[in-house]
Structure formats: C-alpha cells, structure tokens
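Peer 1: A single structure is presented below for examination.
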Amino acid sequence: MNPRFEVPSEAFSAIQNVDIDRIASMEESQLRALLPCLVRMSLCAPLDVSSAWVDGRKQVLRVLSGLEVVNSIVALLSVDFNALEQDARKELQLRTKLGESENLSTAHIQHGLALEFERSDPARRLRILISELLFVSSQIRDPTDFVHRPCELFESEVYMEEVSDVLCIAQAELPILLKMPKIAEALLRMKFGPLLLCRLIANVPDSFYQVCKSLIVSGEKQDEETTGGRRRTEVLRMLSRMNPSQALTIRALAVEQCRLPGLAVHLSLDHKLGGTEQERLSDVIGFVSGLLLGSNSQVRNWFSQFIRSGQKHKYSLSSSPLHALRKHLLLQLKVIAPPGDGHNDLSERQVVQASALIRLYCALKGIAGMKFTEEETRQLLHLLTSHPCPTPAGIRFISLGLCMLLACPLLISQEEERIVIKWINWLVGEGPRFERESGVSSSFSEMLLLIAIHFHANQVQAILDLVCSTLGMKIHIRPNSLARISLMFMQEIFTEQVVTAHAVTVPVTPALSGSVAGFLPVHCLYHLLKNRSFAKNKVPVKDWIYKQICNTTAPLHPLLPPLLEVFVNSVVVPTQVGARQFRNSPLTEREILSVFKSSSVSLVRTSVSEAVMEVDGADRTSGLTAQLLMLYYVLLYEDCLLNNMKHLVLNNEQPHSYSSKLMPQIPIKYLLHQCQKQQHNFTGLYPALLRLLATHYPHLCLVEEWLGEEMEEEESGGRQGVMVMERCKVSCTPEKLKSSLQEVTHNPSQAILLLEALNHRQPHHLMEYADVVVTSLCGLLQDDIPRKVKEMVVQLWRRLNTIMPRKLRVNTVNALTITKPVAPYTEEDITLDPLIVLRCDTRVFRCPPVLDIVLKILLAYMAASRAYLSAYLQRTPNISRRNTETTTNPLPSDQEREELKGALVATQESAAIQILLEICLPFTSEKTTESKLSVIREVQCQVCSLLHQMFIADPYLAKLVHFHGYSSELLPVAVAGIPSMHICLDFIPELLSQPQQDKQIFAIELVSHLCLQYALPKSLSVARLTVNVMSTLLAVLPEEKLSQFFLPTLPALIRICQAFPPMYEDVTSLLIQIGRMVSSQMAANDMSTTHTETSFSHDYLSLKENAKLQIAQKNRDRELRSAVAKTFHDIVQLAVVNKKVF
C-alpha cells in the first residue's frame, strides 16, 4: 500500500483534540485525509457558539480557502441525503427479498464502475458508493468467514482520495444507515479497504475505540492461521500507528478477548513506552511474561497455542510475529550478556533484566513449548554462566540460572559441560561471600546443596518441585532428561560424603522465621536427615540443630517441626550400614535446659542453671520460639522412644533416655498457653504439641482447668491489674504476705489488701510467693478464718497453677498431709498412688475452697497415673513367651498386661470415689443442721460434680462403684447431685440378680431414688422388675431373712409409688402378701410355743434357748407387720391426700 494515503499520527491527534493551531500549520498532504471533517466543521451549524470557536472556524475557513479540492467536497454536502437514505433502504429491502448474489444497481454499467464514478455528479457518486458498501455488507454472514470481495471502485489508487471523501461525507450524514462496525467489516474485505477505514476513522475520531473493539471481538483466536486474521492485524496496526496513544489499549483488549495474539506481539514491538530501545525491549519482556506467568489460565493457553502454531507455519518467517518476537528477545540477550566467551562479570544494572529474561525463556520453553535455536541456546548458556555482583538480585539471578539449567537440560551439550561444571564450582566457593556481602540469609549455596541431596537420594520429583517453585511456574520436565546433570552433580561436584560434611559447616540462619523466604540451610539439613546421610557418614549434626533452634523467632518456620521429627527419628531408630548400625547423638540435658534458663517462668534449679552457662553456643536470650521447639523435641523424643522400645529391646539396644528430673524443670503448661494464645505464629507446632502433651502428660491438659483459667483471665481484665496495683500503692514481699496470713484471725484487712494486689499481677510475677501460699493452706482450715481470705488465697493458688502446676501440686499435697512421711512425697510417689492426695487433714473436707484444690489435684494425679502405667507398659515390653510349658511363672501376654493395668486403674479410682462419698456423710455435730446453705451441702455439691465428670468419662466406673455399694444415706445426695446417675438404670437388673442380700437391698433403694429423680419409661420398667423381684424373694426367702430383707426395702416402695402411681396396685398386692405371710408365721409361732410349754422335756437349757429365738422372731415379725401397715398407710395417704389427684 502507498504510504502517502496513510493518516499521520500528528494529523489524527490534531483533529481528535480539535487543535486549530496545529491544523492551520499543517501541509496540504497532511490535511488531505481530514478535509471532509474540516469542511463539515466549517460549513455546518455548530452547537458551540462561543467567540473562541467562531474564531476557530474562521481560521479553518482560511485554511480551506486555499485548497481547490474543497469545492468537490462542498458539492457533496448539497445532496438531498434524506432522499438518498430512503432509496438506499428500498434497495436493501428489495435485495433481501430477491436474495441477489450481485449488485444489480451497478451491474448494468458498461464502462466500469470506476469510470462511472468519475463521470457522475455528487449525488450519483454517493449512490454508487453506498450501494456497493451495503451490498458487500449484506454478503457477510459470519465475521470470521473472510472472503475477498473484488470491487473496481475500491481497488484503484487514482480514485482513492475521491472515494475517501465520498465515504466520509456519506457516513457523517447517514450514521444510522452506515454504521461504523459494519462499514469496517465490509472495507476489511476490499483491497484498499484498510486505508479507507483509517481515513474514515480520522474524520470520525470518536469511533476509534468502537471500531477497534469490533474488529478484535470479531477476530480469530489465532490470527496467523487465516488470511482474515492477518488482515485484521494489519488494519489494527495501521490504526495504532495513526493513534499511538491507544496502542496499549488495543493490546489489552486483544488479551482480554483472547483474540489476535500476533497483533498483541506486533503492538508490543512497534510502539515504545519511552524513548530508548532498552525500555521498549523491557516492555516486551514484561508483557510476554505476564501472558505466560499470569494467573489467567485462559490467556496462558491462548498465547501458548500461538507459540506452538507459530513454529509450524510454512510461509516466510520474516513476516511472522513469532519470528519478530524471537529476534527482539535474542537482541536483548546480546545486549545484556557480558562481552567475551568466558565467565565474565555481569553489571549490576543488567542483573534484574537478565533474571526476567531467564524466567521468560523458561516459560516459553516449559509452558509454550518453544524450541530454542542454536544461537539462542549459545547466548542463553553464555548469560547463565556469567558472574553477577554479590547483591540480593545477583543471588536471585544465580538461583534462576540453576533452575533453568535443570528445566532446560538440552542447553548443556557435551562441549559446554565443562563450562557449566566450572561455573557451579565457582558458585560453591563464592556462596559464603555472596551471603556475607549481600546481607541475605538465604543463598544459592543451600539450593546447590539441596539439589545434590535430591540427586543422591534419586528424588527427581523433589528437584522438579524445587525448580518450579523457584521459577514461579508449573512446567513439565521429563525426569530422564536430567540424567546427564545428575551425573555431573554426583560424580564431578558433590559426592554424598562431601555433601554431608559441607552441610554442617554452613552457618545457621540467624533469626530464622516463617517470613524468611528462599532456600535455607534448614532445607538441606532436613533432606539429609531424612535420607540418614549424617548417620551413614558419621557426621555429627547435633550442634547445628541446637544452634538453629536457639536462632529462631516467630512466626515459626514451617520446616522446623519436620526437621525435629526426622532428627529424633534418626537418634532413636538406628541406621543400618552393612552389618553395623549408626545413629545421631541426641541433645544433652544441659543444652536443653540452657534454652529455658532465660524464660520468664524459669523452673531450672540453681545448680543446673550455673552448669548450663558453660554450654557452647547457648543463647542467653532464647525466645519463646526456641523454648517451644525444645519442648517439642523432648516430648517427641519420649514419644518416639516409647513407640520403638519393643524393637530396640529385641535388638538388645539401650538408647539414651533423659532423667526424670528434666521435665519438672521445663514450664510446660506456661509454654503451651503462650503457644495457644499465639497460634497464628505457631500454626504447624501447636496441634502436634497438644497431641503429645495429651498423650504423655494429660494432667497438664485438663479441660476443666483450661476453661476455668480462661474465664478467670477474662474476668481479671488482663494487664489492667498492674494499673490497679500501682493505684493502690501496695508493696508486697513474701515475708510480708506470710506475716499477714499468720495474723489473719484478728486482722484480716492487711491480708486482703495484699492478696487483692497479688491477684492482679501477671502469673509469672507470682512465683516467689508459691511457698508462702502452700504453707498457708493448713492455717486456712480453721473455722474462724474469713471466707474471703480463703477464696483469695485459693485464687492465687489457681493463678500459680497455670505456670508451675507440677511443683505446686506436690508441695500442696505434702503441706496438707496429716501424717508426715520420713521424706516428702515426690511427684512419682503420688503418681503411683493418687490416694495419697486424700490422706490429708480431715478439716480439708469441711473447707470448700481448699477442698476444691484437693479435688483438682486428685483428678490430675489420677490422669497422670493412667499415663504413667501406659508408658510403663511401653517402656518394659513383653519380648518373648518361648518355652512357657517348662516355665513355672510364664510372662503375661500384652493383653493380660493391659487388663491388669485397667484393673489397677479401676481399683484406684473406685477407692477414691468411695472415700469421696464417705466425705459427704455428715459428722455427728452436723446432723442437727437444718439449713441447706451449710458447709456439708457445699462439700456434697463439689464431690458430686467431680463424680459426674468421672462417670461420664468412664461409665464402667459407675457400675463398679455401685456393685461395691456405699451407705444408703448417700443415695438421695448422689442421685440428686450427680446428673449422670441415670446410667445406673442400665445395670440395675444385673445388680438385682446378685446373690448377696445387701446388694439386692442397695439396688432396690437405688431404684426408688432414681425413679423419683428420673420418672422415665425406662425407670418404670425397672421399678416393675424390682417389685417382681421382691415378690419372688418373698416366696423363696427363709423365715428368719424376711424381716432382714423387707424392713429396709419397704420405704423404697413408697418412693416408687410416689414416682409412678400406676404401681399402686402391684405394690399393695405385694404388701398384702407380706402381711398375710407374717401373720401366718406369727400364728404358727404362737401355736408352737403353746405346744412346747405343755409338753414335758428333760432338756431345760435347750428349751430356754429355743424360746429366746422364738421370742426374737416374734419381735421381728411384729416389727415387719408394723412396717407393712405403716407403708400401706403412707401409700394411701400419698394417693388420696394429695394436691394432684391422679
């Protein structure tokens, strides 16, 4: 196409902005395309009547007055466009009806359409052009169906300008008939249609975006595959040259619609964002990278298809947009790559651009499937093996370069292999310098080490994941393509022994946290530990692990918990190397305690604290993260040791185990609470830590305690208590608190003030008062101590329990024990026998605040006892049962040991429950108390609440306790106070079937109270069964046992009838039977006595003894008969004299 017909960008900008001054200064050749618009602008009546626009029109008229061609355009405006439009619409209707395949309006012209156009007047010219445009437009059924439409009028350069003028005037005067999108599609199929479209849009600049969007939306997915696509690309490129400011808008529109990818590439290459070539090339890299690496998968697949199909085209590569793109990228490679053929230095300015270019080429290769040419391969390898400066950007460049070598292994040929090996060896030596001078904790050294580790472990997939995560893209790499690089790493650069020896020399990452990105030494150590490389090659790794733990901060790095897991596993489970076994060394107790000595809740003993100061590398300011990790290590070590103990004992191995004195010196509960409060910082650690503690130390994870502590923490208002204490100006020391508690009987105000101040302190500030609080508990048992003082001391004890529960519980048990042992009880003693807790001063059982503490301690030690026994079974496994026939005392099986453990636990807990139930019995002095707000009532509520928890946790325990039985006086208290007593209804039939009479009596009494408390259908069934059992026993019991059985059980019948009135009939029938039987027995005994008195007997002593027995039986029978009458009377009173008549 002749470039003189194109519209200059300056002319379009002037007409778009209506810049009259610029229009006036233009030459005739630049104004020629804009004349139709200028003529209409100057001749048509304007809407703007301001003086400025009047002056502007005059200036436009002066410009047009010197141009002769303007006269022909003015003549076009004198045509009757209304009539012209009506004729055109009639022609359209006729063509629609007849379905013509050619334009009949112009088909009869003999000398050609172009000659006819030249000879015609303005009106005729308009008719011819409109007719041709409408005809071509009517033939377009599908915009993507591109067929060239020959038309002599639009194929002659001689008439180009006249045709352009007529087209512009016609569209301006008939915009509804000649819509811009339809005209654009029609002109697209004509020879000089693109030029005419550009000139038309220049005269209607407001339609620029509309036409561009229409052309793009109607375009093809892949423009290089069809003639129509290439023609659209050509037109849109011409439009973007005419209006360069909208070039990027057109490009964005093409990407949004996923159409015409070649157009997007051409626009990126044609137009500059700045004035330099470097800026233009950078824009191309950013644009193409955004398409391939963006989050829109549809755009990524669309452009990848363009790359793949572009490599298959058979037409000239010189016109291909893909060829132009590759040419520009290759030019960028040459510009950025350092001169020369060796490993030359890369300037700092070019490192960032080189990194972006590497990612782009990886995306083109891995995502779009582009095949590199020899020149591209050579230039890429030259760039990758250059030496950047030691900056963060330089480290990033090297990491990307390593990943590109793995992602594109074909870059390395046999000739270039030595160059790559030399470059990697340079990286190994320069790694520390880069990390030191750049100030970045994660260097490429860790990545090199990690790649070598994966190659030695044959973990190719891990390498591929590493490459993809570093490059930030998901690409497909065939594992077998890495064979050559794998040999390079394992044989030429990193042997396994070199890897392990080098790994422990890498400095730990200072202040390691989850916010530290990149590949760190911890990644390398993790994979080496996972592969057991340190144990195989006898390389000690313990010190490195310890130093890294000490150099951690929040938020927790996600790889630290897995690192400790594989380390503990390598310490406990040996690594088999041939016939020998190796394992890593565990952390020492001094190293462990050195982490906790700086804790705000330090339980480390003084002698130990002085010893840990000598530990090499001990961090005196170890934070919460290091302490939590060390706690996790100790718990994990104990768990792993117990789980593998059987295997270790079978192999006659005795692994290292920590002493029992270690755990009490670690503030476990405090650390767990801090971890719970900051779960966002310890996401990967808290669940695992809680699981281990709940398994091995359940007494530190009691749910009720946690809920109570949280509620108390909310009520206390957090740190506001410190302000309260400062406001009160109360100074307190342990000595002052001790003396005030000793004088509390006659001066409680001083103790209350001090306790109030202390209860508003943070718990870790109260540790020095623990001994005073514990020793004062015995003094609080006196009756004359104010209740408020007791509750405040107990509250202080609870706050101390949140940070030092183990030590506090042991000291409390020793302080309250009534009989002091020779040596104070230890935690192990109480764990083995939790009933020690209840061997305390009897006054404790009538002091509810202190009793609450004792009950919590009892619950904790029973949980600890269960965990201790389970751990003991794991710690001493039953190895073998061979030759059991010849052994007098064979070892019990695992199942038998579990059963024995369960029996022991059940015995301990049932004994504790029996003791607690006895506590609920009133003393002699308390039996006269009628008030319901008494101490005994409060004690009963506390005990019943604890028993409810125990019964819910283990329903079998309720059955065991009730089969043992307890005092009948406690049945009303237990049934009313323990909500879970309804479970007894399940086993009462079994209890009734017991042969012991006392158990049967206890069962009947229990049923009566349960019926009153739970009037349920199930209770009614059990009550019927009970009455039936009593009827059966009436018939089978001997005479002397009737009164023993029925005297205590007859009151139960009253309660059953009170709960279930339908039972009246059965109960009265039973009472009548009992009365008749007793009356019969009494009559029979009277006759027997008369007969004995009248008979003669020589054995006087035997008669006297027999008489006594008969008199006693008579008394029992009279008592039973009276009881039956009284029971019947009570039942009648209950049924008749009642507010609610059933």
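Just remember, in the structure tokens the first chain shown is A, the second B, etc., residues are 1-based per chain, and ligands are 1-based in the order shown.
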Quick one: everything within 7 Å of range 159-170 of chain A, counting only C-alpha atoms, minus sequence neighbours fewer than 5 positions away in the same chain. Send it as a ChimeraX atom specification.
Peer 2: /A:36,73,126,196,199-200,203
Peer 1: Kindly save the residues from that selection, with all heavy atoms included, as a PDB file, in the first residue's frame.
Peer 2:
```
ATOM      1  N   PRO A  36     -12.808  16.210   4.536  1.00  0.00           N
ATOM      2  CA  PRO A  36     -14.259  16.070   4.743  1.00  0.00           C
ATOM      3  C   PRO A  36     -14.706  16.533   6.127  1.00  0.00           C
ATOM      4  O   PRO A  36     -15.720  17.210   6.264  1.00  0.00           O
ATOM      5  CB  PRO A  36     -14.485  14.572   4.553  1.00  0.00           C
ATOM      6  CG  PRO A  36     -13.390  14.140   3.654  1.00  0.00           C
ATOM      7  CD  PRO A  36     -12.201  14.952   4.037  1.00  0.00           C
ATOM      8  N   ILE A  73     -15.888  18.597  -2.303  1.00  0.00           N
ATOM      9  CA  ILE A  73     -16.429  18.101  -1.030  1.00  0.00           C
ATOM     10  C   ILE A  73     -17.656  18.919  -0.638  1.00  0.00           C
ATOM     11  O   ILE A  73     -18.651  18.384  -0.145  1.00  0.00           O
ATOM     12  CB  ILE A  73     -15.347  18.156   0.054  1.00  0.00           C
ATOM     13  CG1 ILE A  73     -14.151  17.281  -0.330  1.00  0.00           C
ATOM     14  CG2 ILE A  73     -15.911  17.727   1.406  1.00  0.00           C
ATOM     15  CD1 ILE A  73     -12.991  17.352   0.614  1.00  0.00           C
ATOM     16  N   LEU A 126     -22.452   9.335  -4.544  1.00  0.00           N
ATOM     17  CA  LEU A 126     -22.877   8.846  -3.230  1.00  0.00           C
ATOM     18  C   LEU A 126     -23.720   7.583  -3.362  1.00  0.00           C
ATOM     19  O   LEU A 126     -23.571   6.625  -2.588  1.00  0.00           O
ATOM     20  CB  LEU A 126     -23.673   9.930  -2.508  1.00  0.00           C
ATOM     21  CG  LEU A 126     -22.856  11.095  -1.921  1.00  0.00           C
ATOM     22  CD1 LEU A 126     -23.755  12.245  -1.522  1.00  0.00           C
ATOM     23  CD2 LEU A 126     -22.056  10.612  -0.710  1.00  0.00           C
ATOM     24  N   LEU A 196      -8.865   3.121   3.481  1.00  0.00           N
ATOM     25  CA  LEU A 196     -10.114   3.885   3.529  1.00  0.00           C
ATOM     26  C   LEU A 196     -10.694   3.905   4.944  1.00  0.00           C
ATOM     27  O   LEU A 196     -11.241   4.922   5.387  1.00  0.00           O
ATOM     28  CB  LEU A 196     -11.123   3.288   2.556  1.00  0.00           C
ATOM     29  CG  LEU A 196     -10.791   3.437   1.064  1.00  0.00           C
ATOM     30  CD1 LEU A 196     -11.759   2.634   0.212  1.00  0.00           C
ATOM     31  CD2 LEU A 196     -10.809   4.903   0.658  1.00  0.00           C
ATOM     32  N   ARG A 199      -8.769   6.447   7.030  1.00  0.00           N
ATOM     33  CA  ARG A 199      -9.151   7.821   6.698  1.00  0.00           C
ATOM     34  C   ARG A 199     -10.564   8.136   7.212  1.00  0.00           C
ATOM     35  O   ARG A 199     -10.854   9.249   7.649  1.00  0.00           O
ATOM     36  CB  ARG A 199      -9.077   8.016   5.190  1.00  0.00           C
ATOM     37  CG  ARG A 199      -7.646   7.926   4.648  1.00  0.00           C
ATOM     38  CD  ARG A 199      -7.642   7.846   3.132  1.00  0.00           C
ATOM     39  NE  ARG A 199      -7.897   9.148   2.529  1.00  0.00           N
ATOM     40  CZ  ARG A 199      -6.970  10.002   2.088  1.00  0.00           C
ATOM     41  NH1 ARG A 199      -5.685   9.663   2.217  1.00  0.00           N
ATOM     42  NH2 ARG A 199      -7.297  11.157   1.550  1.00  0.00           N
ATOM     43  N   LEU A 200     -11.445   7.131   7.167  1.00  0.00           N
ATOM     44  CA  LEU A 200     -12.789   7.338   7.678  1.00  0.00           C
ATOM     45  C   LEU A 200     -12.763   7.594   9.192  1.00  0.00           C
ATOM     46  O   LEU A 200     -13.416   8.504   9.697  1.00  0.00           O
ATOM     47  CB  LEU A 200     -13.654   6.114   7.364  1.00  0.00           C
ATOM     48  CG  LEU A 200     -15.072   6.105   7.958  1.00  0.00           C
ATOM     49  CD1 LEU A 200     -15.880   7.284   7.440  1.00  0.00           C
ATOM     50  CD2 LEU A 200     -15.766   4.784   7.635  1.00  0.00           C
ATOM     51  N   ASN A 203     -11.661  11.006  10.226  1.00  0.00           N
ATOM     52  CA  ASN A 203     -12.696  12.030  10.136  1.00  0.00           C
ATOM     53  C   ASN A 203     -13.781  11.862  11.210  1.00  0.00           C
ATOM     54  O   ASN A 203     -14.573  12.780  11.435  1.00  0.00           O
ATOM     55  CB  ASN A 203     -13.341  12.001   8.747  1.00  0.00           C
ATOM     56  CG  ASN A 203     -12.441  12.609   7.689  1.00  0.00           C
ATOM     57  OD1 ASN A 203     -12.461  13.810   7.443  1.00  0.00           O
ATOM     58  ND2 ASN A 203     -11.606  11.761   7.062  1.00  0.00           N
TER      59      ASN A 203
END
```
Peer 1: Please provide the set of residues having any atom within 8 Å of Ala407 in chain A, restricted to only C-alpha atoms, with same-chain residues fewer than 4 positions apart removed, written as a list in words.
Peer 2: Cys362, Gly366, Cys403, Leu464, Val467 and Ile477 of chain A
Peer 1: Just the selected residues (C-alpha atoms), exported as a PDB file, in the first residue's frame, please.
Peer 2:
```pdb
ATOM      1  CA  CYS A 362      11.820 -20.810  30.834  1.00  0.00           C
ATOM      2  CA  GLY A 366       8.221 -25.106  29.592  1.00  0.00           C
ATOM      3  CA  CYS A 403      16.801 -23.827  37.807  1.00  0.00           C
ATOM      4  CA  LEU A 464      11.309 -30.715  39.763  1.00  0.00           C
ATOM      5  CA  VAL A 467      12.666 -25.849  40.121  1.00  0.00           C
ATOM      6  CA  ILE A 477      10.151 -31.674  32.780  1.00  0.00           C
TER       7      ILE A 477
END
```
Peer 1: Quick one: everything within 12 Å of Gly902 in chain A, counting only C-alpha atoms, minus sequence neighbours fewer than 5 positions away in the same chain. Send it as a PyMOL selection string.
Peer 2: chain A and resi 865-867+869-870+873+895-897+907-910+954+956-957
Peer 1: Let's see if you can do this: from backbone DSSP, list all alpha helix (DSSP H) residues in range 638-869 of chain A, as a count of residues only.
Peer 2: 137
Peer 1: Quick one: pull the distance between CA of Ala45 in chain A and CA of Ala24 in chain A, Å, one decimal.
Peer 2: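 These atoms are spaced 20.7 Å apart.
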Peer 1: Measuring between only C-alpha atoms, which one of A:Leu628, A:Cys44, A:Leu692, A:Leu487 shows the shortest distance to Ser78 in chain A?
Peer 2: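 Using only C-alpha atoms, the shortest distance to Ser78 in chain A belongs to A:Cys44.
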Peer 1: Using only C-alpha atoms, which of the listed residues (A:Phe287, A:Phe5, A:Trp423, A:Trp544) sits closest to Leu587 in chain A?
Peer 2: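 Of A:Phe287, A:Phe5, A:Trp423, A:Trp544, the one nearest Leu587 in chain A, counting only C-alpha atoms, is A:Trp544.
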Peer 1: Using only C-alpha atoms, can you tell me which of A:Leu1025, A:Leu754, A:Val204, A:Cys701 comes closest to Ser740 in chain A?
Peer 2: A:Leu754
Peer 1: Do you know which residues are at most 10 Å from Ser1008 in chain A counting only C-alpha atoms, after dropping those on the same chain fewer than 4 positions away, and could you put them as a list in words?
Peer 2: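 Residues meeting the cut-off are Leu971, Pro972, Ala1003, Ile1004, Leu1012, Gln1013, Tyr1014, Ser1019, Val1022, Ala1023, Thr1026, Thr1049, Pro1051, Ala1052, Leu1053, Ile1054, Arg1055, Ile1056, Cys1057, Gln1058 and Ala1059 of chain A.
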Peer 1: For N, CA, C and O atoms, I'd like the residues from the last selection saved as an mmCIF file, in the first residue's frame.
Peer 2:
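To be explicit, this is the file written out as selection.cif:
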```
data_model
loop_
_atom_site.group_PDB
_atom_site.id
_atom_site.type_symbol
_atom_site.label_atom_id
_atom_site.label_comp_id
_atom_site.auth_asym_id
_atom_site.auth_seq_id
_atom_site.Cartn_x
_atom_site.Cartn_y
_atom_site.Cartn_z
ATOM 1 N N LEU A 971 -27.548 -42.082 99.125
ATOM 2 C CA LEU A 971 -28.285 -42.258 97.877
ATOM 3 C C LEU A 971 -29.075 -41.008 97.483
ATOM 4 O O LEU A 971 -29.039 -40.605 96.314
ATOM 5 N N PRO A 972 -29.805 -40.352 98.386
ATOM 6 C CA PRO A 972 -30.507 -39.124 97.966
ATOM 7 C C PRO A 972 -29.551 -38.043 97.474
ATOM 8 O O PRO A 972 -29.837 -37.343 96.499
ATOM 9 N N ALA A 1003 -29.722 -52.201 95.696
ATOM 10 C CA ALA A 1003 -30.272 -51.986 94.361
ATOM 11 C C ALA A 1003 -31.706 -51.474 94.431
ATOM 12 O O ALA A 1003 -32.096 -50.558 93.684
ATOM 13 N N ILE A 1004 -32.516 -52.053 95.352
ATOM 14 C CA ILE A 1004 -33.914 -51.622 95.458
ATOM 15 C C ILE A 1004 -33.990 -50.180 95.944
ATOM 16 O O ILE A 1004 -34.777 -49.371 95.428
ATOM 17 N N LEU A 1012 -37.705 -41.413 91.538
ATOM 18 C CA LEU A 1012 -38.113 -40.067 91.928
ATOM 19 C C LEU A 1012 -37.415 -38.999 91.098
ATOM 20 O O LEU A 1012 -38.008 -37.980 90.745
ATOM 21 N N GLN A 1013 -36.124 -39.239 90.799
ATOM 22 C CA GLN A 1013 -35.339 -38.230 90.066
ATOM 23 C C GLN A 1013 -35.600 -38.280 88.568
ATOM 24 O O GLN A 1013 -35.649 -37.241 87.898
ATOM 25 N N TYR A 1014 -35.762 -39.500 88.023
ATOM 26 C CA TYR A 1014 -35.926 -39.663 86.573
ATOM 27 C C TYR A 1014 -37.186 -40.479 86.326
ATOM 28 O O TYR A 1014 -37.141 -41.719 86.217
ATOM 29 N N SER A 1019 -37.406 -46.090 83.685
ATOM 30 C CA SER A 1019 -37.449 -46.211 85.141
ATOM 31 C C SER A 1019 -38.666 -47.011 85.576
ATOM 32 O O SER A 1019 -38.601 -47.810 86.530
ATOM 33 N N VAL A 1022 -37.908 -50.671 85.138
ATOM 34 C CA VAL A 1022 -37.010 -51.157 86.193
ATOM 35 C C VAL A 1022 -37.772 -51.266 87.515
ATOM 36 O O VAL A 1022 -37.552 -52.210 88.304
ATOM 37 N N ALA A 1023 -38.682 -50.325 87.781
ATOM 38 C CA ALA A 1023 -39.474 -50.391 89.011
ATOM 39 C C ALA A 1023 -40.369 -51.634 89.017
ATOM 40 O O ALA A 1023 -40.518 -52.314 90.058
ATOM 41 N N THR A 1026 -38.292 -54.524 89.823
ATOM 42 C CA THR A 1026 -37.921 -54.543 91.240
ATOM 43 C C THR A 1026 -39.048 -55.131 92.084
ATOM 44 O O THR A 1026 -38.818 -55.967 92.978
ATOM 45 N N THR A 1049 -36.338 -52.288 102.778
ATOM 46 C CA THR A 1049 -36.795 -52.044 101.404
ATOM 47 C C THR A 1049 -38.223 -51.538 101.311
ATOM 48 O O THR A 1049 -38.621 -51.043 100.250
ATOM 49 N N PRO A 1051 -39.630 -48.821 102.689
ATOM 50 C CA PRO A 1051 -39.710 -47.394 102.353
ATOM 51 C C PRO A 1051 -39.453 -47.110 100.872
ATOM 52 O O PRO A 1051 -39.954 -46.118 100.335
ATOM 53 N N ALA A 1052 -38.692 -47.994 100.218
ATOM 54 C CA ALA A 1052 -38.434 -47.793 98.784
ATOM 55 C C ALA A 1052 -39.710 -47.923 97.978
ATOM 56 O O ALA A 1052 -39.882 -47.265 96.939
ATOM 57 N N LEU A 1053 -40.647 -48.766 98.456
ATOM 58 C CA LEU A 1053 -41.905 -48.929 97.727
ATOM 59 C C LEU A 1053 -42.716 -47.639 97.754
ATOM 60 O O LEU A 1053 -43.429 -47.317 96.794
ATOM 61 N N ILE A 1054 -42.645 -46.912 98.874
ATOM 62 C CA ILE A 1054 -43.360 -45.636 98.952
ATOM 63 C C ILE A 1054 -42.843 -44.679 97.891
ATOM 64 O O ILE A 1054 -43.612 -44.003 97.196
ATOM 65 N N ARG A 1055 -41.512 -44.614 97.749
ATOM 66 C CA ARG A 1055 -40.918 -43.705 96.752
ATOM 67 C C ARG A 1055 -41.283 -44.141 95.332
ATOM 68 O O ARG A 1055 -41.495 -43.303 94.446
ATOM 69 N N ILE A 1056 -41.329 -45.450 95.098
ATOM 70 C CA ILE A 1056 -41.696 -45.940 93.762
ATOM 71 C C ILE A 1056 -43.128 -45.537 93.431
ATOM 72 O O ILE A 1056 -43.437 -45.084 92.311
ATOM 73 N N CYS A 1057 -44.028 -45.686 94.411
ATOM 74 C CA CYS A 1057 -45.420 -45.300 94.166
ATOM 75 C C CYS A 1057 -45.563 -43.798 93.999
ATOM 76 O O CYS A 1057 -46.404 -43.321 93.225
ATOM 77 N N GLN A 1058 -44.744 -43.043 94.716
ATOM 78 C CA GLN A 1058 -44.793 -41.590 94.563
ATOM 79 C C GLN A 1058 -44.368 -41.182 93.165
ATOM 80 O O GLN A 1058 -44.920 -40.241 92.576
ATOM 81 N N ALA A 1059 -43.376 -41.873 92.613
ATOM 82 C CA ALA A 1059 -42.905 -41.550 91.267
ATOM 83 C C ALA A 1059 -43.854 -42.074 90.196
ATOM 84 O O ALA A 1059 -44.104 -41.394 89.188
#
```
Peer 1: Please list as JSON, numbers by chain every residue within 10 Å of Glu417 in chain A, counting only C-alpha atoms and excluding residues in the same chain fewer than 5 positions away.
Peer 2: {"A": [411, 412, 422, 423, 484, 485, 488]}
Peer 1: Quick one: residues within 9 Å of range 640-652 of chain A, only C-alpha atoms counted, chain neighbours fewer than 5 positions away excluded, as a list in words?
Peer 2: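 Near neighbours after the sequence-gap exclusion: Val568, Asn569, Val572, Val573, Leu635, Ser657, Ala871, Gln874, Arg875, Thr876, Pro877, Asn878 and Ile879 of chain A.
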Peer 1: Find the residues near Cys389 in chain A: any atom within 7 Å, counting only C-alpha atoms, skip ones fewer than 3 places away on the same chain, and give them as a list in words.
Peer 2: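 Close residues of Cys389 in chain A: Leu346, Glu348 and Gly394 of chain A.
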Peer 1: Report the closest atom pair, with its distance in Å rounded to one decimal, for each residue of range 315-396 of chain A that has an atom no farther than 10 Å from range 220-225 of chain A; count only C-alpha atoms, sort by chain and then rising residue number, and write it as JSON lines.
Peer 2:
```
{"residue": "A:Ser320", "atom": "CA", "partner": "A:Glu224", "partner_atom": "CA", "distance": 7.8}
{"residue": "A:Pro321", "atom": "CA", "partner": "A:Glu224", "partner_atom": "CA", "distance": 8.4}
{"residue": "A:Leu322", "atom": "CA", "partner": "A:Glu224", "partner_atom": "CA", "distance": 9.6}
```
Peer 1: Okay, now the selection with N, CA and C atoms, as a PDB file, in the first residue's frame?
Peer 2:
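Contents of again.pdb, as written:
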```pdb
ATOM      1  N   SER A 320       6.447 -13.260  10.191  1.00  0.00           N
ATOM      2  CA  SER A 320       5.799 -13.887  11.334  1.00  0.00           C
ATOM      3  C   SER A 320       6.029 -13.055  12.592  1.00  0.00           C
ATOM      4  N   PRO A 321       4.976 -12.796  13.382  1.00  0.00           N
ATOM      5  CA  PRO A 321       5.178 -12.067  14.648  1.00  0.00           C
ATOM      6  C   PRO A 321       6.021 -12.866  15.634  1.00  0.00           C
ATOM      7  N   LEU A 322       5.939 -14.209  15.590  1.00  0.00           N
ATOM      8  CA  LEU A 322       6.769 -15.008  16.481  1.00  0.00           C
ATOM      9  C   LEU A 322       8.237 -14.847  16.133  1.00  0.00           C
TER      10      LEU A 322
END
```
